[in-house]
$ cat upload25.cif   # mmCIF, C-alpha atoms, pLDDT in the B column; chains and numbers go by the auth columns
data_start
loop_
_atom_site.group_PDB
_atom_site.id
_atom_site.type_symbol
_atom_site.label_atom_id
_atom_site.label_comp_id
_atom_site.label_asym_id
_atom_site.label_seq_id
_atom_site.Cartn_x
_atom_site.Cartn_y
_atom_site.Cartn_z
_atom_site.B_iso_or_equiv
_atom_site.auth_seq_id
_atom_site.auth_asym_id
ATOM 1 C CA MET A 1 -3.810 17.919 -12.665 74.00 29 A
ATOM 2 C CA THR A 2 -2.927 20.000 -15.707 91.00 30 A
ATOM 3 C CA THR A 3 -5.145 23.018 -16.290 95.00 31 A
ATOM 4 C CA CYS A 4 -6.533 23.152 -19.817 96.00 32 A
ATOM 5 C CA PRO A 5 -4.863 25.778 -22.044 96.00 33 A
ATOM 6 C CA CYS A 6 -8.305 27.046 -23.147 96.00 34 A
ATOM 7 C CA ASN A 7 -8.658 28.942 -19.839 94.00 35 A
ATOM 8 C CA SER A 8 -11.855 27.130 -18.878 94.00 36 A
ATOM 9 C CA GLY A 9 -10.382 26.493 -15.437 93.00 37 A
ATOM 10 C CA LYS A 10 -10.964 22.767 -15.926 96.00 38 A
ATOM 11 C CA ASP A 11 -8.456 19.941 -16.030 96.00 39 A
ATOM 12 C CA PHE A 12 -7.141 19.221 -19.545 97.00 40 A
ATOM 13 C CA ASP A 13 -8.143 15.549 -19.225 96.00 41 A
ATOM 14 C CA THR A 14 -11.795 16.487 -18.611 95.00 42 A
ATOM 15 C CA CYS A 15 -11.962 19.521 -20.909 97.00 43 A
ATOM 16 C CA CYS A 16 -10.266 19.625 -24.322 97.00 44 A
ATOM 17 C CA GLY A 17 -8.157 16.479 -23.971 97.00 45 A
ATOM 18 C CA PRO A 18 -10.948 14.003 -24.815 97.00 46 A
ATOM 19 C CA ILE A 19 -12.050 16.175 -27.757 97.00 47 A
ATOM 20 C CA LEU A 20 -8.494 16.310 -29.131 96.00 48 A
ATOM 21 C CA ASP A 21 -7.953 12.561 -28.821 95.00 49 A
ATOM 22 C CA GLY A 22 -11.302 11.875 -30.509 93.00 50 A
ATOM 23 C CA SER A 23 -12.918 10.014 -27.615 95.00 51 A
ATOM 24 C CA VAL A 24 -15.558 12.757 -27.171 95.00 52 A
ATOM 25 C CA LYS A 25 -17.287 15.109 -29.629 95.00 53 A
ATOM 26 C CA SER A 26 -17.736 18.804 -28.909 96.00 54 A
ATOM 27 C CA ASP A 27 -21.257 19.306 -27.601 96.00 55 A
ATOM 28 C CA THR A 28 -21.258 23.077 -28.221 97.00 56 A
ATOM 29 C CA ALA A 29 -19.690 25.532 -30.653 97.00 57 A
ATOM 30 C CA GLU A 30 -17.754 27.068 -27.766 97.00 58 A
ATOM 31 C CA ALA A 31 -16.338 23.677 -26.765 98.00 59 A
ATOM 32 C CA LEU A 32 -15.133 23.204 -30.335 97.00 60 A
ATOM 33 C CA MET A 33 -13.615 26.702 -30.339 97.00 61 A
ATOM 34 C CA ARG A 34 -11.776 25.965 -27.098 98.00 62 A
ATOM 35 C CA SER A 35 -10.507 22.636 -28.441 98.00 63 A
ATOM 36 C CA ARG A 36 -9.248 24.301 -31.633 96.00 64 A
ATOM 37 C CA TYR A 37 -7.301 26.856 -29.570 97.00 65 A
ATOM 38 C CA THR A 38 -5.913 24.075 -27.380 97.00 66 A
ATOM 39 C CA ALA A 39 -4.953 22.140 -30.516 96.00 67 A
ATOM 40 C CA HIS A 40 -2.798 25.099 -31.576 95.00 68 A
ATOM 41 C CA VAL A 41 -1.176 25.176 -28.127 95.00 69 A
ATOM 42 C CA LYS A 42 -0.511 21.421 -28.217 95.00 70 A
ATOM 43 C CA GLY A 43 0.514 21.271 -31.890 94.00 71 A
ATOM 44 C CA ASN A 44 -2.433 19.067 -32.910 95.00 72 A
ATOM 45 C CA PHE A 45 -3.040 20.726 -36.274 94.00 73 A
ATOM 46 C CA GLU A 46 -4.864 17.703 -37.645 93.00 74 A
ATOM 47 C CA HIS A 47 -7.665 18.412 -35.152 95.00 75 A
ATOM 48 C CA VAL A 48 -7.901 21.969 -36.461 94.00 76 A
ATOM 49 C CA ALA A 49 -7.970 20.730 -40.062 93.00 77 A
ATOM 50 C CA ASN A 50 -10.529 18.005 -39.316 94.00 78 A
ATOM 51 C CA THR A 51 -12.918 20.437 -37.635 95.00 79 A
ATOM 52 C CA HIS A 52 -13.252 22.731 -40.667 95.00 80 A
ATOM 53 C CA ALA A 53 -16.484 22.641 -42.655 95.00 81 A
ATOM 54 C CA PRO A 54 -15.929 21.022 -46.075 93.00 82 A
ATOM 55 C CA GLU A 55 -15.948 24.387 -47.893 92.00 83 A
ATOM 56 C CA ALA A 56 -13.343 25.805 -45.452 90.00 84 A
ATOM 57 C CA GLN A 57 -10.872 22.903 -45.511 86.00 85 A
ATOM 58 C CA ALA A 58 -8.994 24.121 -48.584 85.00 86 A
ATOM 59 C CA SER A 59 -8.104 27.391 -46.835 85.00 87 A
ATOM 60 C CA TYR A 60 -6.217 25.657 -43.983 88.00 88 A
ATOM 61 C CA ASN A 61 -2.646 24.539 -44.572 87.00 89 A
ATOM 62 C CA VAL A 62 -1.415 22.134 -41.875 86.00 90 A
ATOM 63 C CA SER A 63 2.262 22.435 -42.823 87.00 91 A
ATOM 64 C CA ALA A 64 2.086 26.251 -42.788 89.00 92 A
ATOM 65 C CA ALA A 65 0.416 26.144 -39.357 87.00 93 A
ATOM 66 C CA LYS A 66 3.157 23.836 -38.051 88.00 94 A
ATOM 67 C CA ALA A 67 5.870 26.148 -39.387 87.00 95 A
ATOM 68 C CA GLN A 68 4.195 29.208 -37.855 85.00 96 A
ATOM 69 C CA SER A 69 3.822 27.459 -34.500 87.00 97 A
ATOM 70 C CA LYS A 70 7.585 27.145 -34.106 88.00 98 A
ATOM 71 C CA LYS A 71 7.816 30.886 -33.433 89.00 99 A
ATOM 72 C CA THR A 72 4.488 31.321 -31.636 92.00 100 A
ATOM 73 C CA LYS A 73 3.763 30.837 -27.937 94.00 101 A
ATOM 74 C CA TRP A 74 0.042 30.845 -27.173 94.00 102 A
ATOM 75 C CA VAL A 75 -0.597 32.493 -23.806 93.00 103 A
ATOM 76 C CA GLY A 76 -4.353 32.754 -23.330 93.00 104 A
ATOM 77 C CA LEU A 77 -7.861 32.509 -24.684 96.00 105 A
ATOM 78 C CA GLU A 78 -10.758 34.735 -23.742 95.00 106 A
ATOM 79 C CA ILE A 79 -14.254 34.004 -24.997 95.00 107 A
ATOM 80 C CA THR A 80 -16.018 37.373 -25.182 93.00 108 A
ATOM 81 C CA GLU A 81 -19.373 36.313 -26.624 93.00 109 A
ATOM 82 C CA THR A 82 -21.243 33.174 -27.575 95.00 110 A
ATOM 83 C CA ILE A 83 -24.448 33.334 -29.598 95.00 111 A
ATOM 84 C CA ASP A 84 -26.381 30.095 -29.899 97.00 112 A
ATOM 85 C CA GLY A 85 -24.174 27.058 -30.562 96.00 113 A
ATOM 86 C CA GLY A 86 -25.634 25.048 -27.696 96.00 114 A
ATOM 87 C CA PRO A 87 -26.280 21.306 -27.552 96.00 115 A
ATOM 88 C CA ASP A 88 -29.654 21.719 -29.294 95.00 116 A
ATOM 89 C CA ASP A 89 -28.596 24.333 -31.871 97.00 117 A
ATOM 90 C CA GLU A 90 -27.523 23.851 -35.485 97.00 118 A
ATOM 91 C CA ILE A 91 -25.472 27.059 -35.801 97.00 119 A
ATOM 92 C CA GLY A 92 -23.495 29.217 -33.420 97.00 120 A
ATOM 93 C CA THR A 93 -21.083 32.120 -33.223 97.00 121 A
ATOM 94 C CA VAL A 94 -18.155 32.503 -30.824 97.00 122 A
ATOM 95 C CA THR A 95 -16.214 35.728 -30.458 95.00 123 A
ATOM 96 C CA PHE A 96 -12.804 35.356 -28.851 95.00 124 A
ATOM 97 C CA THR A 97 -9.387 36.844 -28.294 94.00 125 A
ATOM 98 C CA ALA A 98 -6.372 34.533 -28.456 94.00 126 A
ATOM 99 C CA ARG A 99 -3.191 36.057 -27.063 94.00 127 A
ATOM 100 C CA PHE A 100 0.210 34.941 -28.222 93.00 128 A
ATOM 101 C CA GLU A 101 3.857 35.898 -28.113 93.00 129 A
ATOM 102 C CA GLU A 102 5.910 36.055 -31.274 90.00 130 A
ATOM 103 C CA ASN A 103 9.460 37.367 -31.633 88.00 131 A
ATOM 104 C CA GLY A 104 9.343 38.640 -28.054 88.00 132 A
ATOM 105 C CA GLU A 105 6.195 40.733 -28.613 90.00 133 A
ATOM 106 C CA MET A 106 2.677 40.127 -27.332 91.00 134 A
ATOM 107 C CA HIS A 107 -0.143 40.025 -29.878 91.00 135 A
ATOM 108 C CA ALA A 108 -3.888 39.450 -29.815 91.00 136 A
ATOM 109 C CA HIS A 109 -5.906 37.646 -32.478 92.00 137 A
ATOM 110 C CA ARG A 110 -9.555 38.660 -32.288 93.00 138 A
ATOM 111 C CA GLU A 111 -12.134 36.772 -34.278 94.00 139 A
ATOM 112 C CA ARG A 112 -15.859 36.162 -34.549 95.00 140 A
ATOM 113 C CA SER A 113 -16.166 32.561 -35.698 96.00 141 A
ATOM 114 C CA ASP A 114 -19.198 30.891 -37.205 97.00 142 A
ATOM 115 C CA PHE A 115 -19.899 27.213 -36.554 98.00 143 A
ATOM 116 C CA ARG A 116 -22.547 24.757 -37.670 97.00 144 A
ATOM 117 C CA ARG A 117 -23.423 21.124 -37.239 97.00 145 A
ATOM 118 C CA GLU A 118 -22.277 18.864 -40.046 94.00 146 A
ATOM 119 C CA ASN A 119 -23.593 15.286 -39.729 92.00 147 A
ATOM 120 C CA GLY A 120 -24.174 15.964 -36.025 92.00 148 A
ATOM 121 C CA ASP A 121 -20.673 17.329 -35.329 95.00 149 A
ATOM 122 C CA TRP A 122 -19.734 20.975 -34.797 97.00 150 A
ATOM 123 C CA VAL A 123 -17.444 22.392 -37.498 97.00 151 A
ATOM 124 C CA TYR A 124 -15.784 25.752 -38.090 96.00 152 A
ATOM 125 C CA VAL A 125 -17.335 27.534 -41.084 96.00 153 A
ATOM 126 C CA ASP A 126 -15.506 30.857 -41.227 94.00 154 A
ATOM 127 C CA GLY A 127 -14.480 33.813 -39.159 92.00 155 A
ATOM 128 C CA LYS A 128 -14.166 37.553 -39.242 91.00 156 A
ATOM 129 C CA ILE A 129 -10.879 38.837 -37.857 87.00 157 A
ATOM 130 C CA ASN A 130 -11.009 41.978 -35.709 80.00 158 A
ATOM 131 C CA PRO A 131 -14.804 42.250 -35.748 75.00 159 A
ATOM 132 C CA GLN A 132 -16.325 45.560 -34.793 66.00 160 A
ATOM 133 C CA ILE A 133 -17.661 45.442 -31.268 56.00 161 A
ATOM 134 C CA GLU A 134 -19.892 47.812 -29.417 57.00 162 A
ATOM 135 C CA PRO A 135 -17.861 50.580 -27.788 57.00 163 A
ATOM 136 C CA ARG A 136 -17.754 50.407 -24.039 59.00 164 A
ATOM 137 C CA ARG A 137 -17.251 53.231 -21.618 62.00 165 A
ATOM 138 C CA ILE A 138 -14.253 53.025 -19.359 62.00 166 A
ATOM 139 C CA ASP A 139 -14.233 55.557 -16.553 68.00 167 A
ATOM 140 C CA LYS A 140 -10.621 55.284 -15.453 78.00 168 A
ATOM 141 C CA VAL A 141 -7.684 53.096 -16.356 79.00 169 A
ATOM 142 C CA GLY A 142 -4.669 52.902 -14.064 80.00 170 A
ATOM 143 C CA ARG A 143 -1.222 53.177 -15.635 77.00 171 A
ATOM 144 C CA ASN A 144 -0.373 49.590 -14.663 83.00 172 A
ATOM 145 C CA ASP A 145 -3.771 48.154 -15.645 81.00 173 A
ATOM 146 C CA PRO A 146 -4.108 46.117 -18.851 80.00 174 A
ATOM 147 C CA CYS A 147 -4.818 48.379 -21.792 76.00 175 A
ATOM 148 C CA PRO A 148 -8.539 48.385 -22.631 73.00 176 A
ATOM 149 C CA CYS A 149 -7.703 48.039 -26.338 71.00 177 A
ATOM 150 C CA GLY A 150 -6.901 44.371 -25.659 68.00 178 A
ATOM 151 C CA SER A 151 -3.266 44.459 -26.759 70.00 179 A
ATOM 152 C CA GLY A 152 -2.128 42.587 -23.665 72.00 180 A
ATOM 153 C CA LYS A 153 0.232 45.425 -22.752 78.00 181 A
ATOM 154 C CA LYS A 154 0.008 47.710 -19.752 81.00 182 A
ATOM 155 C CA PHE A 155 -1.943 50.907 -20.422 76.00 183 A
ATOM 156 C CA LYS A 156 1.160 53.068 -19.838 80.00 184 A
ATOM 157 C CA LYS A 157 3.083 51.150 -22.537 83.00 185 A
ATOM 158 C CA CYS A 158 0.217 51.138 -25.031 80.00 186 A
ATOM 159 C CA CYS A 159 -2.592 53.666 -25.493 77.00 187 A
ATOM 160 C CA GLY A 160 -1.476 55.674 -22.450 76.00 188 A
ATOM 161 C CA ALA A 161 2.036 56.291 -23.807 78.00 189 A
ATOM 162 C CA ASN A 162 2.677 59.944 -24.582 64.00 190 A
#

$ encode --input "upload25.cif" --output "structure tokens"
Amino acid sequence: MTTCPCNSGKDFDTCCGPILDGSVKSDTAEALMRSRYTAHVKGNFEHVANTHAPEAQASYNVSAAKAQSKKTKWVGLEITETIDGGPDDEIGTVTFTARFEENGEMHAHRERSDFRRENGDWVYVDGKINPQIEPRRIDKVGRNDPCPCGSGKKFKKCCGAN
């Protein structure tokens, strides 16, 4: 059993694998989002390109994505919010954080992505990078806890550094 890179906790062969190989369609916007992340992890950039809405396809460059992937190690996906995008919906929004390592440093890509059904299939329409989110109150953060800013670093090495 190989755990799916999308952090669903499911086996790859029953999660994103069938979506990536084309044997199954994404039934929700979130499933498509997870498969697109997994496609980056697995180097399946054609899946990413093929799941863009027609008006968004020109903005995605497969060869540039392949070149970028050579220096990027994807390390985790966290879905922070899903609005609509269910099996009976026509549109949906998924907010996520994708963590990656590049040149020995950890980074986080945060995005609120919009999806819609196109001929019955979910497609990526566009996304807003680093969307504003509602502030949340944090009572206490330990020095060795993950930094609440979402950087992926320990608090003492990030916002808690003096």

$ closest_residue --input "upload25.cif" --among "A:Lys38, A:Asp149, A:Thr108, A:Phe128" --to "Gly50 in chain A" --atoms "all atoms listed in the file"
A:Asp149

$ closest_residue --input "upload25.cif" --among "A:Phe73, A:Ser51, A:Pro82, A:Asp112" --to "Ala95 in chain A" --atoms "only C-alpha atoms"
A:Phe73

$ residues_around --input "upload25.cif" --residues "range 114-116 of chain A" --least-positions-apart "6" --cutoff "8 Å" --atoms "only C-alpha atoms" --output "list in words"
Asp55, Thr56 and Ala57 of chain A

$ resolve_selection --input "upload25.cif" --expression "the PyMOL selection byres ((chain A and resi 151) around 8)" --output "list in words"
Ala57, Leu60, Thr79, His80, Ala81, Phe143, Arg144, Arg145, Glu146, Asp149, Trp150, Tyr152 and Val153 of chain A

$ resolve_selection --input "upload25.cif" --expression "the PyMOL selection byres ((chain A and resi 117-127) around 8)" --output "JSON, numbers by chain"
{"A": [57, 58, 61, 65, 102, 103, 104, 105, 106, 107, 108, 109, 110, 111, 112, 113, 114, 115, 116, 128, 129, 134, 135, 136, 137, 138, 139, 140, 141, 142, 143, 144, 145, 180]}

$ write_last_selection --input "upload25.cif" --atoms "C-alpha atoms" --output "tab-separated table (two decimals), keeping the file's coordinate frame"
chain	number	residue	atom	x	y	z
A	57	ALA	CA	-19.69	25.53	-30.65
A	58	GLU	CA	-17.75	27.07	-27.77
A	61	MET	CA	-13.62	26.70	-30.34
A	65	TYR	CA	-7.30	26.86	-29.57
A	102	TRP	CA	0.04	30.84	-27.17
A	103	VAL	CA	-0.60	32.49	-23.81
A	104	GLY	CA	-4.35	32.75	-23.33
A	105	LEU	CA	-7.86	32.51	-24.68
A	106	GLU	CA	-10.76	34.74	-23.74
A	107	ILE	CA	-14.25	34.00	-25.00
A	108	THR	CA	-16.02	37.37	-25.18
A	109	GLU	CA	-19.37	36.31	-26.62
A	110	THR	CA	-21.24	33.17	-27.58
A	111	ILE	CA	-24.45	33.33	-29.60
A	112	ASP	CA	-26.38	30.10	-29.90
A	113	GLY	CA	-24.17	27.06	-30.56
A	114	GLY	CA	-25.63	25.05	-27.70
A	115	PRO	CA	-26.28	21.31	-27.55
A	116	ASP	CA	-29.65	21.72	-29.29
A	128	PHE	CA	0.21	34.94	-28.22
A	129	GLU	CA	3.86	35.90	-28.11
A	134	MET	CA	2.68	40.13	-27.33
A	135	HIS	CA	-0.14	40.02	-29.88
A	136	ALA	CA	-3.89	39.45	-29.82
A	137	HIS	CA	-5.91	37.65	-32.48
A	138	ARG	CA	-9.56	38.66	-32.29
A	139	GLU	CA	-12.13	36.77	-34.28
A	140	ARG	CA	-15.86	36.16	-34.55
A	141	SER	CA	-16.17	32.56	-35.70
A	142	ASP	CA	-19.20	30.89	-37.20
A	143	PHE	CA	-19.90	27.21	-36.55
A	144	ARG	CA	-22.55	24.76	-37.67
A	145	ARG	CA	-23.42	21.12	-37.24
A	180	GLY	CA	-2.13	42.59	-23.66

$ atom_distance --input "upload25.cif" --atom1 "CA of Gly45 in chain A" --atom2 "CA of Ala67 in chain A"
9.2 Å

$ closest_residue --input "upload25.cif" --among "A:Ser97, A:Val90, A:Ala84, A:Ile47" --to "His68 in chain A" --atoms "all atoms listed in the file"
A:Ser97

$ atom_distance --input "upload25.cif" --atom1 "CA of Gly155 in chain A" --atom2 "CA of Asp49 in chain A"
24.5 Å

$ atom_distance --input "upload25.cif" --atom1 "CA of Pro33 in chain A" --atom2 "CA of His75 in chain A"
15.3 Å

$ closest_residue --input "upload25.cif" --among "A:Val69, A:Cys177, A:Val169, A:Ala189" --to "Asn35 in chain A" --atoms "all atoms listed in the file"
A:Val69

$ residues_near_point --input "upload25.cif" --point "(2.0, 20.9, -42.0)" --cutoff "12 Å" --atoms "all atoms listed in the file" --output "ChimeraX atom specification"
/A:71-74,76-77,88-98

$ residues_around --input "upload25.cif" --residues "Phe40 in chain A" --least-positions-apart "5" --cutoff "10 Å" --atoms "only C-alpha atoms" --output "number ranges by chain"
A: 29-35, 45-46, 66

$ closest_residue --input "upload25.cif" --among "A:Ala86, A:Cys44, A:Ile157, A:Cys186" --to "Asn172 in chain A" --atoms "only C-alpha atoms"
A:Cys186
